[in-house]
Amino acid sequence: MVREKITNLIEKAIQNAQSQRKLPKFQISAILVEKPEQKEQGDYSTNIAMKIAGITKKNPIETAEIIVEQLQNSNSQFLGKIEIARPGFINFFLSKIYLQKQIKQVLEQGEKFGDLKIGKNKKTQVEFISGNPTGPLHIGQGRGAFFGDCLSNVLAKAGYKVEREYYVNNAKNSNQIKELGKTGMSRGTAYLTDELKAIIKEQKHKIENMKSESQAGYFLCKIIQKENKDFILKKLKIKITNWVFEQDLYKENKIEKAYNLLKKKNLIYESECAQWLKTKKFGDSKDWVVKRSTGEPTYFLADIAYHKDKFDRGFKKIIDIWGADHQGHIGKMKAASKMLEYKGELNILIAQVVRLKGGLKLSKRKGQIVGLEELVDEVGLDAARFFYLAKSLNTQMEFDLELAKEQSQKNPVYYVQYAHARIQSILNKVKTQNTKHKSSRPHRYAKHCGQAKFELLEHTSELNLIKQVIRFPEVVGDTAEDYRVQRLPQYALDLAEAFHQFYRDCPVISDNKELTQARTALILAVQFVLKNSLGLMGISAPSKM
RNA sequence: GUCCCUAUAGCUUAAUGGAUAGAGUACUGGCUUGCGGAGCCAGCGAUGGAGGUUCGACUCCUCCUGGGGACGCCA
């Protein structure tokens with residue numbers, strides 16, 4: 001990645017300056033290289049001179065001058081000019097030759113462009129959605145759903161070995177399953193929705209013969225879970241590799257085993273006939289009950305057993321994506337992971353609440369729910385995904401269903417898809433004119449385009465477009481590190497915009513055959529990256545619209 | 001009461017302590033000798049309030065105000 005190269009150059013420059021005694025000796029801390037928003041401020045820039053000004057005892061501009069002097073000696077081919085700007089930024093401009101060469105590389109790598117190795121094949125698990133099997137998913141859960149799917153894609157692209165998991169709270173003896181059973185037996189209304197009413201009606205005879213609420217609830221939850229599963233896989237097109245059932249943890253005695261382990265470690269004590277876990281000692285605000293006075297395990301104990309199971313499966317990095325109502329649960333879980341001496345990385349992310357505009361709250365237990373299915377039907381899957389992913393996970397999100405419907409035809413996602421389709425249309429035309437490649441496969445065609453004379457790509461719009469294209473690996477890497485997937489939709493928009501501007505300024509098809517070939521190669525590369533970034537978001541890249 | 005998240009343009013929102021706070025949408029005006037006008041260009045418009053730390057604060061700290069969530073032997 002370009003940014004890494006620049007970082008390395010700066011580090012070397014500082015070391016050189018130090019060995020020439022132009023700068024004092026000090027430990028070089030993290031060097032930040034970022035992409036400025038203004039074009040005049042370079043393609044990349046660093047604030048390192050300001051950071052170390054305190055140590056060098058020179059003002060930032062002088063410090064920058066010393067570093068730049070060394071940088072200029074380094075004679076690197078990919079950099080054009082290097083500028084110093086007040087109050088002490090060093091701005092880097094990429095060289096034209098370097099940019100032109102990149103397109104060939106993108107075409108050679110094709111779909112693999114942007115694949116990174118930073119994950120080092122680390123065994124990673126992303127657990128997300130994990131909706132209760134008592135009803136359909138609502139629009140609040142859509143957040144964790146698309147976020148988790150997208151983050152998993154990004155991590156995989158960045159070189160992690162990712163498993164995607166969904167945990168089903170279907171314990172037969174849990175209160176929610178009993179409540180569900182009650183509802184089924186017309187003794188309650190806890191989870192009553194139109195969908196459930198239909199199921200109950202259909203299964204009336206079977207339910208009537210059931211002996212207990214628990215049995216009826218478990219029966220109903222199986223049906224609901226199957227519907228949810230189909231919905232997630234087929235309609236939302238989310239990939240899940242493992243479905244884990246709470247009931248199986250009971251069946252396999254894993255809950256009792258976890259309990260005994262904690263007991264052995266002397267982390268459990270009895271009070272008021274219940275069994276308490278010493279979570280306070282491990283950083284949580286208080287201790288929690290793991291077994292009730294009746295002897296039944298709590299949800300928390302089951303969750304500990306579940307996490308122990310994750311740890312035992314050898315994940316080095318675990319990401320849990322939970323709803324906002326589980327926020328108070330983080331402290332306990334972290335405490336428990338310490339008790340179990342988990343050595344890996346446990347990240348718990350909270351997807352903040354989704355509110356409906358107009359004040360309707362979205363809590364599963366409080367009345368009105370808007371189904372995720374309804375939303376996807378209204379605005380379409382692509383738009384829904386884009387809409388969700390564009391927002392930061394830990395900001396509460398206000399959902400204007402009316403607006404979403406209204407905007408489904410002028411949604412930003414179409415802007416990106418339009419760029420992709422437009423490119424396809426041009427490519428089709430190019431191929432028609434050039435009968436030799438009329439029916440050639442994309443891969444072979446890309447190879448052919450790789451022979452183009454890239455030095456002909458000189459227009460500002462062409463160079464800007466290339467700059468956007470080569471940002472892609474950085475976008476993948478940054479997102480894999482900070483999990484801010486909203487970077488992806490923004491990037492896709494930026495790339496599409498750069499393409500539309502290029503389209504305005506530079507006709508691809510012209511009498512100049514060499515230029516036509518070079519520009520065809522360029523847009524082909526753009527198309528690869530557009531498709532790739534849409535793919536990470538789970539959004540389709542249509543050839544026609 | 002305690003803890004957590006949060007407040008940015010009319011609306012929906014972005015911004016690892018950096019430069020002129022970035023988009024989409026809405027609104028106003030402009031773009032036909034060309035490959036898809038679902039496009040392009042220009043304009044309008046924002047950091048809730050008061051202090052503090054810093055060369056530099058939407059970002060960190062304190063207080064205030066508003067919104068949400070959590071504080072069960074529910075899940």
# chains A, B, ... in the order shown; residues from 1 in each chain; ligands from 1
call {"tool": "closest_atom_pairs", "arguments": {"of": "chain B", "to": "chain A", "cutoff": "12 Å", "atoms": "only C-alpha atoms (C1' of nucleotides)", "output": "JSON lines"}}
result
{"residue": "B:U2", "atom": "C1'", "partner": "A:Ser285", "partner_atom": "CA", "distance": 10.1}
{"residue": "B:C3", "atom": "C1'", "partner": "A:Gly328", "partner_atom": "CA", "distance": 8.3}
{"residue": "B:C4", "atom": "C1'", "partner": "A:Gln327", "partner_atom": "CA", "distance": 7.0}
{"residue": "B:C5", "atom": "C1'", "partner": "A:Asn394", "partner_atom": "CA", "distance": 6.7}
{"residue": "B:U6", "atom": "C1'", "partner": "A:Thr395", "partner_atom": "CA", "distance": 6.4}
{"residue": "B:A7", "atom": "C1'", "partner": "A:Thr395", "partner_atom": "CA", "distance": 10.2}
{"residue": "B:C11", "atom": "C1'", "partner": "A:Leu403", "partner_atom": "CA", "distance": 9.3}
{"residue": "B:U12", "atom": "C1'", "partner": "A:Glu398", "partner_atom": "CA", "distance": 7.8}
{"residue": "B:U13", "atom": "C1'", "partner": "A:Lys391", "partner_atom": "CA", "distance": 7.0}
{"residue": "B:A14", "atom": "C1'", "partner": "A:Gln486", "partner_atom": "CA", "distance": 8.2}
{"residue": "B:A15", "atom": "C1'", "partner": "A:Glu37", "partner_atom": "CA", "distance": 10.2}
{"residue": "B:U16", "atom": "C1'", "partner": "A:Asp482", "partner_atom": "CA", "distance": 8.5}
{"residue": "B:G17", "atom": "C1'", "partner": "A:Lys51", "partner_atom": "CA", "distance": 10.8}
{"residue": "B:G18", "atom": "C1'", "partner": "A:Asn47", "partner_atom": "CA", "distance": 7.4}
{"residue": "B:A19", "atom": "C1'", "partner": "A:Gln41", "partner_atom": "CA", "distance": 8.0}
{"residue": "B:U20", "atom": "C1'", "partner": "A:Gln38", "partner_atom": "CA", "distance": 8.5}
{"residue": "B:A21", "atom": "C1'", "partner": "A:Glu37", "partner_atom": "CA", "distance": 10.5}
{"residue": "B:G22", "atom": "C1'", "partner": "A:Glu37", "partner_atom": "CA", "distance": 8.0}
{"residue": "B:A23", "atom": "C1'", "partner": "A:Gln490", "partner_atom": "CA", "distance": 7.7}
{"residue": "B:G24", "atom": "C1'", "partner": "A:Pro412", "partner_atom": "CA", "distance": 6.5}
{"residue": "B:U25", "atom": "C1'", "partner": "A:Gln407", "partner_atom": "CA", "distance": 8.4}
{"residue": "B:A26", "atom": "C1'", "partner": "A:Gln407", "partner_atom": "CA", "distance": 11.6}
{"residue": "B:C31", "atom": "C1'", "partner": "A:Arg504", "partner_atom": "CA", "distance": 11.0}
{"residue": "B:G34", "atom": "C1'", "partner": "A:Pro507", "partner_atom": "CA", "distance": 6.9}
{"residue": "B:C35", "atom": "C1'", "partner": "A:Ile426", "partner_atom": "CA", "distance": 5.6}
{"residue": "B:G36", "atom": "C1'", "partner": "A:Arg422", "partner_atom": "CA", "distance": 5.9}
{"residue": "B:G37", "atom": "C1'", "partner": "A:Arg504", "partner_atom": "CA", "distance": 11.4}
{"residue": "B:A38", "atom": "C1'", "partner": "A:Tyr418", "partner_atom": "CA", "distance": 6.6}
{"residue": "B:G39", "atom": "C1'", "partner": "A:His500", "partner_atom": "CA", "distance": 7.0}
{"residue": "B:C40", "atom": "C1'", "partner": "A:Arg504", "partner_atom": "CA", "distance": 6.7}
{"residue": "B:C41", "atom": "C1'", "partner": "A:Gln501", "partner_atom": "CA", "distance": 10.3}
{"residue": "B:U54", "atom": "C1'", "partner": "A:Lys51", "partner_atom": "CA", "distance": 12.0}
{"residue": "B:C55", "atom": "C1'", "partner": "A:Pro87", "partner_atom": "CA", "distance": 8.3}
{"residue": "B:G56", "atom": "C1'", "partner": "A:Pro87", "partner_atom": "CA", "distance": 9.0}
{"residue": "B:G67", "atom": "C1'", "partner": "A:Gln396", "partner_atom": "CA", "distance": 9.7}
{"residue": "B:G68", "atom": "C1'", "partner": "A:Gln396", "partner_atom": "CA", "distance": 7.5}
{"residue": "B:G69", "atom": "C1'", "partner": "A:Asp325", "partner_atom": "CA", "distance": 6.1}
{"residue": "B:A70", "atom": "C1'", "partner": "A:Gly328", "partner_atom": "CA", "distance": 5.2}
{"residue": "B:C71", "atom": "C1'", "partner": "A:Gly328", "partner_atom": "CA", "distance": 7.4}
{"residue": "B:G72", "atom": "C1'", "partner": "A:Val289", "partner_atom": "CA", "distance": 9.5}
{"residue": "B:C73", "atom": "C1'", "partner": "A:Arg292", "partner_atom": "CA", "distance": 4.3}
{"residue": "B:C74", "atom": "C1'", "partner": "A:Asn175", "partner_atom": "CA", "distance": 7.0}
{"residue": "B:A75", "atom": "C1'", "partner": "A:Tyr299", "partner_atom": "CA", "distance": 6.4}
call {"tool": "atom_distance", "arguments": {"atom1": "CA of Val413 in chain A", "atom2": "CA of Thr479 in chain A"}}
result
19.4 Å
call {"tool": "select_by_dssp", "arguments": {"residues": "range 362-526 of chain A", "states": "helix (DSSP H, G or I)", "output": "PyMOL selection string"}}
result
chain A and resi 372-379+381-389+401-409+412-433+435-437+442-449+454-456+460-469+472-482+487-505+513-526
call {"tool": "write_last_selection", "arguments": {"atoms": "C-alpha atoms", "output": "compact mmCIF listing (two decimals), in the first residue's frame"}}
result
# COMPACT_ATOMS: atom_id res chain seq x y z
CA LEU A 372 -36.92 -6.12 8.76
CA GLU A 373 -38.65 -8.02 6.03
CA GLU A 374 -41.16 -5.26 5.54
CA LEU A 375 -38.34 -2.77 5.20
CA VAL A 376 -36.40 -4.85 2.70
CA ASP A 377 -39.56 -5.34 0.67
CA GLU A 378 -40.16 -1.62 0.62
CA VAL A 379 -36.74 -0.27 -0.28
CA LEU A 381 -32.03 -5.18 -0.28
CA ASP A 382 -29.28 -3.12 -1.91
CA ALA A 383 -30.65 0.18 -0.68
CA ALA A 384 -31.34 -1.23 2.77
CA ARG A 385 -27.80 -2.51 3.10
CA PHE A 386 -26.30 0.73 1.94
CA PHE A 387 -28.56 2.73 4.22
CA TYR A 388 -27.62 0.71 7.29
CA LEU A 389 -23.91 0.44 6.56
CA LEU A 401 -39.57 4.65 6.75
CA GLU A 402 -41.52 7.05 4.56
CA LEU A 403 -38.36 8.78 3.47
CA ALA A 404 -36.64 5.48 2.84
CA LYS A 405 -39.47 4.39 0.59
CA GLU A 406 -39.54 7.69 -1.15
CA GLN A 407 -35.81 7.74 -1.62
CA SER A 408 -35.44 4.20 -2.71
CA GLN A 409 -35.21 5.40 -6.30
CA PRO A 412 -26.95 6.96 -3.17
CA VAL A 413 -26.51 3.27 -3.82
CA TYR A 414 -27.91 3.77 -7.30
CA TYR A 415 -25.27 6.36 -7.94
CA VAL A 416 -22.61 3.74 -7.39
CA GLN A 417 -24.43 1.03 -9.28
CA TYR A 418 -25.06 3.42 -12.13
CA ALA A 419 -21.33 3.99 -12.50
CA HIS A 420 -20.82 0.24 -12.70
CA ALA A 421 -23.57 -0.19 -15.31
CA ARG A 422 -22.32 2.77 -17.30
CA ILE A 423 -18.88 1.22 -17.51
CA GLN A 424 -20.38 -2.04 -18.68
CA SER A 425 -22.24 -0.22 -21.38
CA ILE A 426 -19.06 1.41 -22.65
CA LEU A 427 -17.18 -1.87 -22.51
CA ASN A 428 -19.90 -3.51 -24.56
CA LYS A 429 -19.57 -0.84 -27.16
CA VAL A 430 -15.79 -1.12 -27.27
CA LYS A 431 -16.03 -4.86 -27.73
CA THR A 432 -18.58 -4.52 -30.51
CA GLN A 433 -16.22 -2.27 -32.42
CA THR A 435 -14.60 -7.90 -33.10
CA LYS A 436 -11.48 -9.68 -31.97
CA HIS A 437 -12.56 -9.46 -28.35
CA PRO A 442 -13.38 -10.93 -18.68
CA HIS A 443 -10.12 -12.36 -17.43
CA ARG A 444 -8.59 -12.64 -20.86
CA TYR A 445 -9.95 -9.27 -21.77
CA ALA A 446 -8.32 -7.75 -18.70
CA LYS A 447 -5.05 -9.28 -19.75
CA HIS A 448 -5.40 -7.76 -23.18
CA CYS A 449 -6.09 -4.38 -21.63
CA PHE A 454 -0.85 3.73 -19.71
CA GLU A 455 1.40 6.73 -20.11
CA LEU A 456 -1.37 8.20 -22.25
CA THR A 460 -6.42 15.36 -14.23
CA SER A 461 -9.66 13.40 -14.16
CA GLU A 462 -7.83 10.25 -15.19
CA LEU A 463 -5.19 10.66 -12.54
CA ASN A 464 -7.79 11.46 -9.89
CA LEU A 465 -9.66 8.34 -10.82
CA ILE A 466 -6.52 6.24 -10.48
CA LYS A 467 -5.87 7.76 -7.08
CA GLN A 468 -9.31 6.66 -5.94
CA VAL A 469 -8.80 3.18 -7.32
CA PHE A 472 -9.10 0.53 -2.04
CA PRO A 473 -6.56 -1.65 -0.18
CA GLU A 474 -6.23 1.09 2.42
CA VAL A 475 -9.97 1.18 2.88
CA VAL A 476 -10.00 -2.56 3.45
CA GLY A 477 -7.10 -2.39 5.89
CA ASP A 478 -8.42 0.52 7.91
CA THR A 479 -11.85 -1.03 8.20
CA ALA A 480 -10.44 -4.37 9.29
CA GLU A 481 -8.68 -2.52 12.07
CA ASP A 482 -11.26 -0.10 13.37
CA ARG A 487 -16.01 3.94 5.33
CA LEU A 488 -17.04 1.52 2.55
CA PRO A 489 -20.19 3.24 1.30
CA GLN A 490 -18.37 6.54 1.43
CA TYR A 491 -15.48 5.14 -0.55
CA ALA A 492 -17.80 3.64 -3.15
CA LEU A 493 -19.42 7.05 -3.59
CA ASP A 494 -16.04 8.73 -3.94
CA LEU A 495 -14.92 6.24 -6.55
CA ALA A 496 -18.17 6.53 -8.48
CA GLU A 497 -17.92 10.29 -8.37
CA ALA A 498 -14.38 10.23 -9.71
CA PHE A 499 -15.58 7.99 -12.50
CA HIS A 500 -18.51 10.23 -13.44
CA GLN A 501 -16.15 13.20 -13.59
CA PHE A 502 -13.77 11.23 -15.76
CA TYR A 503 -16.70 10.32 -17.98
CA ARG A 504 -17.51 13.97 -18.40
CA ASP A 505 -13.95 14.94 -19.33
CA LYS A 513 -6.88 3.56 -30.84
CA GLU A 514 -4.12 3.59 -28.28
CA LEU A 515 -5.88 6.11 -26.11
CA THR A 516 -9.10 4.14 -26.40
CA GLN A 517 -7.29 1.04 -25.26
CA ALA A 518 -5.67 2.82 -22.31
CA ARG A 519 -8.95 4.32 -21.18
CA THR A 520 -10.76 1.04 -21.61
CA ALA A 521 -8.18 -0.51 -19.33
CA LEU A 522 -8.74 2.24 -16.82
CA ILE A 523 -12.50 1.85 -16.66
CA LEU A 524 -12.16 -1.89 -16.50
CA ALA A 525 -10.01 -1.47 -13.41
CA VAL A 526 -12.56 0.92 -11.95
call {"tool": "residues_around", "arguments": {"residues": "C61 in chain B", "least_positions_apart": "6", "cutoff": "12 Å", "atoms": "only C-alpha atoms (C1' of nucleotides)", "output": "NGL selection string"}}
result
:B and (51-54)
call {"tool": "select_by_dssp", "arguments": {"residues": "range 134-358 of chain A", "states": "strand (DSSP E or B)", "output": "compact mmCIF listing (two decimals) with C-alpha atoms, in the first residue's frame"}}
result
# COMPACT_ATOMS: atom_id res chain seq x y z
CA HIS A 138 -37.09 -6.29 13.38
CA LYS A 161 -9.78 -16.67 8.75
CA VAL A 162 -13.36 -15.78 9.59
CA GLU A 163 -16.28 -17.79 10.86
CA ARG A 164 -19.69 -16.20 11.07
CA GLU A 165 -21.85 -17.41 13.89
CA TYR A 166 -25.45 -17.07 14.99
CA TYR A 167 -26.44 -18.07 18.52
CA VAL A 168 -29.98 -19.22 19.12
CA ASN A 242 -22.26 -21.78 12.25
CA TRP A 243 -25.63 -21.93 13.96
CA VAL A 244 -25.19 -22.65 17.66
CA PHE A 245 -28.10 -23.60 19.87
CA ILE A 268 -18.71 -18.89 43.12
CA TYR A 269 -20.37 -18.32 46.46
CA GLU A 270 -23.80 -18.86 47.88
CA SER A 271 -26.05 -16.12 49.12
CA ALA A 274 -28.57 -18.63 45.02
CA GLN A 275 -25.13 -19.10 43.50
CA TRP A 276 -23.24 -15.91 42.70
CA LEU A 277 -20.22 -15.31 40.50
CA TRP A 288 -24.23 -11.78 39.39
CA VAL A 289 -26.34 -14.83 39.96
CA VAL A 290 -25.41 -17.84 37.86
CA LYS A 291 -27.77 -20.31 39.50
CA PRO A 297 -28.84 -21.82 35.57
CA LYS A 317 -10.12 -13.02 17.88
CA ILE A 318 -13.77 -12.91 18.78
CA ILE A 319 -16.17 -10.16 17.86
CA ASP A 320 -19.61 -10.15 19.44
CA ILE A 321 -22.15 -7.77 18.00
CA TRP A 322 -24.96 -7.16 20.44
CA GLY A 323 -28.00 -4.93 20.60
CA GLU A 345 -9.00 -10.72 21.79
CA LEU A 346 -12.64 -10.37 22.81
CA ASN A 347 -14.38 -7.42 21.21
CA ILE A 348 -17.95 -6.66 22.11
CA LEU A 349 -19.61 -4.14 19.84
CA ILE A 350 -22.95 -2.59 20.57
CA ALA A 351 -25.33 -1.67 17.80
CA VAL A 354 -32.81 2.12 15.70
CA ARG A 355 -35.71 4.46 16.19
CA LEU A 356 -38.54 5.06 13.90
call {"tool": "atom_distance", "arguments": {"atom1": "CA of Lys316 in chain A", "atom2": "CA of Gly344 in chain A"}}
result
4.6 Å
call {"tool": "atom_distance", "arguments": {"atom1": "CA of Tyr259 in chain A", "atom2": "CA of His307 in chain A"}}
result
12.6 Å
